[in-house]
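Scroll down for the structure; my scribbles are underneath it.
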Amino acid sequence: APPPLAYADEAQAVVMPARAAPAPAKAPHAYVITPVPELNWDGNWPAVAAALPLRGVAQQLAMQAELIECSIDGNAVVFKVRVPIETWRTPGNVEKLTVALAERFGRPVRVDTELGAVWYTASAEAQAHREACQRAAEDTVANDPFVNSLIREFDAWVVPGSITPPPAMLASAAAN
């Protein structure tokens with residue numbers, strides 16, 4: 001075992017991955033899905049990113065990236081994406097994303113990345129869906145006549161945090 005540290009300044013620094021500046025609470029612009037007719041694609045990046053056959057950090061790159069622009073350069077498709085964490089932008093991860101997109105669209109692909117705050121990502125869309133399902137489940141219980149009669153007649157209550165949406169409701173987002 002290493003000897004105990006005599007002074008706090010002897011401790012080794014922990015290096016954290018570079019992150020973009022924290023995102024403001026509200027997006028600076030409305031989300032606009034721009035179709036790409038050359039690809040016969042509606043332009044819905046969150047849906048494509050969620051469906052790509054990626055795992056690990058490459059999957060996080062796809063799920064957490066925001067599409068800034070999709071353009072055509074000759075025969076190649078150029079995806080410009082913004083990523084919130086620098087380490088996700090490594091050449092290996094970008095290459096895996098590039099290959100998955102090329103397979104998806106059947107054309108050569110180039111992925112250009114930039115570091116920055118993101119809002120409209122597959123991950124954010126999935127989180128919003130989970131939150132909407134949770135609210136719907138809580139509303140269903142709150143408005144259920146039988147539950148309300150139990151509350152009135154027996155001075156009962158619904159245990160906070162005990163309501164969960166049915167798995168089928170949550171899975172509906174994955175199917176879309």
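In the structure tokens, each chain is lettered A, B, ... as it comes, each chain's residues begin at 1, and ligands are numbered from 1 in order of appearance.
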Residues flagged strand (DSSP E or B) by DSSP in segment 25-139 of chain A, as a list in words:
Val36, Trp41, Glu66, Leu67, Ile68, Glu69, Cys70, Ser71, Ile72, Asp73, Ala76, Val77, Val78, Phe79, Lys80, Val81, Arg82, Val83, Ile85, Val109, Arg110, Val111, Asp112, Thr113, Glu114 and Leu115 of chain A
Restricting the output to C-alpha atoms, write the selected residues as a PDB file, in the first residue's frame.
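Final file, out.pdb:
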```
ATOM      1  CA  VAL A  36     -33.545  15.416 -46.589  1.00  0.00           C
ATOM      2  CA  TRP A  41     -35.471  10.756 -44.952  1.00  0.00           C
ATOM      3  CA  GLU A  66     -27.795  16.878 -31.645  1.00  0.00           C
ATOM      4  CA  LEU A  67     -27.977  17.068 -35.430  1.00  0.00           C
ATOM      5  CA  ILE A  68     -26.978  20.553 -36.523  1.00  0.00           C
ATOM      6  CA  GLU A  69     -27.043  19.975 -40.259  1.00  0.00           C
ATOM      7  CA  CYS A  70     -27.375  17.189 -42.792  1.00  0.00           C
ATOM      8  CA  SER A  71     -26.067  17.994 -46.254  1.00  0.00           C
ATOM      9  CA  ILE A  72     -25.035  16.243 -49.427  1.00  0.00           C
ATOM     10  CA  ASP A  73     -21.451  16.580 -50.669  1.00  0.00           C
ATOM     11  CA  ALA A  76     -21.577  11.494 -49.565  1.00  0.00           C
ATOM     12  CA  VAL A  77     -23.917  12.554 -46.802  1.00  0.00           C
ATOM     13  CA  VAL A  78     -22.429  14.915 -44.218  1.00  0.00           C
ATOM     14  CA  PHE A  79     -23.901  14.840 -40.720  1.00  0.00           C
ATOM     15  CA  LYS A  80     -22.781  17.738 -38.554  1.00  0.00           C
ATOM     16  CA  VAL A  81     -23.553  16.925 -34.932  1.00  0.00           C
ATOM     17  CA  ARG A  82     -22.994  18.730 -31.652  1.00  0.00           C
ATOM     18  CA  VAL A  83     -21.797  16.613 -28.739  1.00  0.00           C
ATOM     19  CA  ILE A  85     -18.774  15.576 -23.931  1.00  0.00           C
ATOM     20  CA  VAL A 109     -21.206   9.219 -44.853  1.00  0.00           C
ATOM     21  CA  ARG A 110     -18.989  11.754 -43.128  1.00  0.00           C
ATOM     22  CA  VAL A 111     -19.683  12.758 -39.533  1.00  0.00           C
ATOM     23  CA  ASP A 112     -18.353  16.129 -38.375  1.00  0.00           C
ATOM     24  CA  THR A 113     -18.579  16.862 -34.659  1.00  0.00           C
ATOM     25  CA  GLU A 114     -18.384  19.974 -32.522  1.00  0.00           C
ATOM     26  CA  LEU A 115     -18.401  20.334 -28.760  1.00  0.00           C
TER      27      LEU A 115
END
```
Would you mind telling me which residue in A:Met169, A:Ala65, A:Val32, A:Val94 lies nearest to Ala132 of chain A when using only C-alpha atoms?
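Once distances to Ala132 of chain A are computed over only C-alpha atoms, the minimum belongs to A:Met169.
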Pick out the closest residue to Val159 of chain A from this set: A:Ala49, A:Ala142, A:Ala126, A:Ala171. Count only C-alpha atoms.
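Comparing A:Ala49, A:Ala142, A:Ala126, A:Ala171 against Val159 of chain A, the winner is A:Ala142.
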Using DSSP assignments from the backbone, pull out every residue in chain A that falls under helix (DSSP H, G or I) and give it to me as a PyMOL selection string.
chain A and resi 8-10+37-39+45-51+56-64+86-89+91-105+122-142+145-154+167-175
Could you save the residues just selected, with C-alpha atoms, as a PDB file, in the first residue's frame?
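Okay, this is what ended up in selection.pdb:
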```
ATOM      1  CA  ALA A   8      -3.429  17.390   0.922  1.00  0.00           C
ATOM      2  CA  ASP A   9      -1.521  18.844  -2.030  1.00  0.00           C
ATOM      3  CA  GLU A  10       0.232  15.488  -2.490  1.00  0.00           C
ATOM      4  CA  PRO A  37     -35.228  14.425 -49.874  1.00  0.00           C
ATOM      5  CA  GLU A  38     -31.979  13.085 -51.382  1.00  0.00           C
ATOM      6  CA  LEU A  39     -32.011  10.403 -48.680  1.00  0.00           C
ATOM      7  CA  TRP A  45     -32.334  12.567 -35.977  1.00  0.00           C
ATOM      8  CA  PRO A  46     -33.530  11.320 -32.561  1.00  0.00           C
ATOM      9  CA  ALA A  47     -35.452   8.467 -34.230  1.00  0.00           C
ATOM     10  CA  VAL A  48     -32.498   7.460 -36.426  1.00  0.00           C
ATOM     11  CA  ALA A  49     -29.973   7.737 -33.585  1.00  0.00           C
ATOM     12  CA  ALA A  50     -32.104   5.572 -31.286  1.00  0.00           C
ATOM     13  CA  ALA A  51     -32.465   2.868 -33.953  1.00  0.00           C
ATOM     14  CA  GLY A  56     -21.253   1.484 -25.563  1.00  0.00           C
ATOM     15  CA  VAL A  57     -19.721   4.899 -26.040  1.00  0.00           C
ATOM     16  CA  ALA A  58     -20.556   4.981 -29.755  1.00  0.00           C
ATOM     17  CA  GLN A  59     -24.214   4.525 -28.810  1.00  0.00           C
ATOM     18  CA  GLN A  60     -23.916   7.371 -26.307  1.00  0.00           C
ATOM     19  CA  LEU A  61     -22.411   9.529 -29.042  1.00  0.00           C
ATOM     20  CA  ALA A  62     -25.454   8.892 -31.256  1.00  0.00           C
ATOM     21  CA  MET A  63     -28.027   9.193 -28.456  1.00  0.00           C
ATOM     22  CA  GLN A  64     -26.560  12.336 -26.886  1.00  0.00           C
ATOM     23  CA  GLU A  86     -15.384  15.694 -25.635  1.00  0.00           C
ATOM     24  CA  THR A  87     -14.440  12.062 -24.993  1.00  0.00           C
ATOM     25  CA  TRP A  88     -17.409  10.831 -27.042  1.00  0.00           C
ATOM     26  CA  ARG A  89     -15.829  12.503 -30.102  1.00  0.00           C
ATOM     27  CA  PRO A  91     -12.068   8.922 -33.867  1.00  0.00           C
ATOM     28  CA  GLY A  92     -13.105   5.342 -33.023  1.00  0.00           C
ATOM     29  CA  ASN A  93     -16.557   6.365 -31.820  1.00  0.00           C
ATOM     30  CA  VAL A  94     -17.097   8.725 -34.738  1.00  0.00           C
ATOM     31  CA  GLU A  95     -16.037   5.938 -37.131  1.00  0.00           C
ATOM     32  CA  LYS A  96     -18.559   3.506 -35.610  1.00  0.00           C
ATOM     33  CA  LEU A  97     -21.306   6.119 -35.947  1.00  0.00           C
ATOM     34  CA  THR A  98     -20.211   6.824 -39.521  1.00  0.00           C
ATOM     35  CA  VAL A  99     -20.390   3.132 -40.466  1.00  0.00           C
ATOM     36  CA  ALA A 100     -23.819   2.714 -38.838  1.00  0.00           C
ATOM     37  CA  LEU A 101     -25.186   5.769 -40.681  1.00  0.00           C
ATOM     38  CA  ALA A 102     -23.687   4.599 -43.986  1.00  0.00           C
ATOM     39  CA  GLU A 103     -25.403   1.231 -43.535  1.00  0.00           C
ATOM     40  CA  ARG A 104     -28.675   2.937 -42.606  1.00  0.00           C
ATOM     41  CA  PHE A 105     -28.708   5.290 -45.607  1.00  0.00           C
ATOM     42  CA  ALA A 122     -32.542  10.884 -28.884  1.00  0.00           C
ATOM     43  CA  SER A 123     -31.738  10.695 -25.191  1.00  0.00           C
ATOM     44  CA  ALA A 124     -33.696  13.876 -24.405  1.00  0.00           C
ATOM     45  CA  GLU A 125     -36.639  12.630 -26.463  1.00  0.00           C
ATOM     46  CA  ALA A 126     -36.639   9.283 -24.630  1.00  0.00           C
ATOM     47  CA  GLN A 127     -36.491  11.078 -21.266  1.00  0.00           C
ATOM     48  CA  ALA A 128     -39.398  13.333 -22.251  1.00  0.00           C
ATOM     49  CA  HIS A 129     -41.391  10.240 -23.263  1.00  0.00           C
ATOM     50  CA  ARG A 130     -40.673   8.530 -19.921  1.00  0.00           C
ATOM     51  CA  GLU A 131     -41.748  11.670 -18.056  1.00  0.00           C
ATOM     52  CA  ALA A 132     -44.961  11.944 -20.113  1.00  0.00           C
ATOM     53  CA  CYS A 133     -45.746   8.279 -19.416  1.00  0.00           C
ATOM     54  CA  GLN A 134     -45.150   8.859 -15.707  1.00  0.00           C
ATOM     55  CA  ARG A 135     -47.478  11.877 -15.665  1.00  0.00           C
ATOM     56  CA  ALA A 136     -50.141   9.920 -17.570  1.00  0.00           C
ATOM     57  CA  ALA A 137     -49.915   7.019 -15.105  1.00  0.00           C
ATOM     58  CA  GLU A 138     -50.178   9.384 -12.124  1.00  0.00           C
ATOM     59  CA  ASP A 139     -53.144  11.181 -13.723  1.00  0.00           C
ATOM     60  CA  THR A 140     -54.868   7.848 -14.359  1.00  0.00           C
ATOM     61  CA  VAL A 141     -54.542   6.864 -10.701  1.00  0.00           C
ATOM     62  CA  ALA A 142     -55.514  10.348  -9.461  1.00  0.00           C
ATOM     63  CA  PRO A 145     -63.102   6.573  -9.254  1.00  0.00           C
ATOM     64  CA  PHE A 146     -62.259   3.440  -7.256  1.00  0.00           C
ATOM     65  CA  VAL A 147     -58.998   4.902  -5.960  1.00  0.00           C
ATOM     66  CA  ASN A 148     -60.766   8.141  -5.045  1.00  0.00           C
ATOM     67  CA  SER A 149     -63.498   6.239  -3.181  1.00  0.00           C
ATOM     68  CA  LEU A 150     -60.833   4.406  -1.144  1.00  0.00           C
ATOM     69  CA  ILE A 151     -59.168   7.715  -0.334  1.00  0.00           C
ATOM     70  CA  ARG A 152     -62.471   9.263   0.793  1.00  0.00           C
ATOM     71  CA  GLU A 153     -63.964   6.304   2.658  1.00  0.00           C
ATOM     72  CA  PHE A 154     -60.868   4.981   4.395  1.00  0.00           C
ATOM     73  CA  PRO A 167     -44.015  -1.407 -19.514  1.00  0.00           C
ATOM     74  CA  ALA A 168     -46.046  -1.438 -22.741  1.00  0.00           C
ATOM     75  CA  MET A 169     -46.509   2.338 -22.480  1.00  0.00           C
ATOM     76  CA  LEU A 170     -42.777   2.895 -22.054  1.00  0.00           C
ATOM     77  CA  ALA A 171     -41.947   0.440 -24.847  1.00  0.00           C
ATOM     78  CA  SER A 172     -44.129   2.314 -27.325  1.00  0.00           C
ATOM     79  CA  ALA A 173     -41.384   4.930 -27.716  1.00  0.00           C
ATOM     80  CA  ALA A 174     -38.807   2.306 -28.605  1.00  0.00           C
ATOM     81  CA  ALA A 175     -41.069   0.989 -31.356  1.00  0.00           C
TER      82      ALA A 175
END
```
Using only C-alpha atoms, which of the listed residues (A:Asp155, A:Ala30, A:Tyr120, A:Asn143) sits closest to Asn44 of chain A?
A:Tyr120
Could you state the separation of atom CA of Thr34 of chain A and atom CA of Leu54 of chain A in Å, given to one decimal place?
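Atom-to-atom, atom CA of Thr34 of chain A and atom CA of Leu54 of chain A are spaced 23.8 Å apart.
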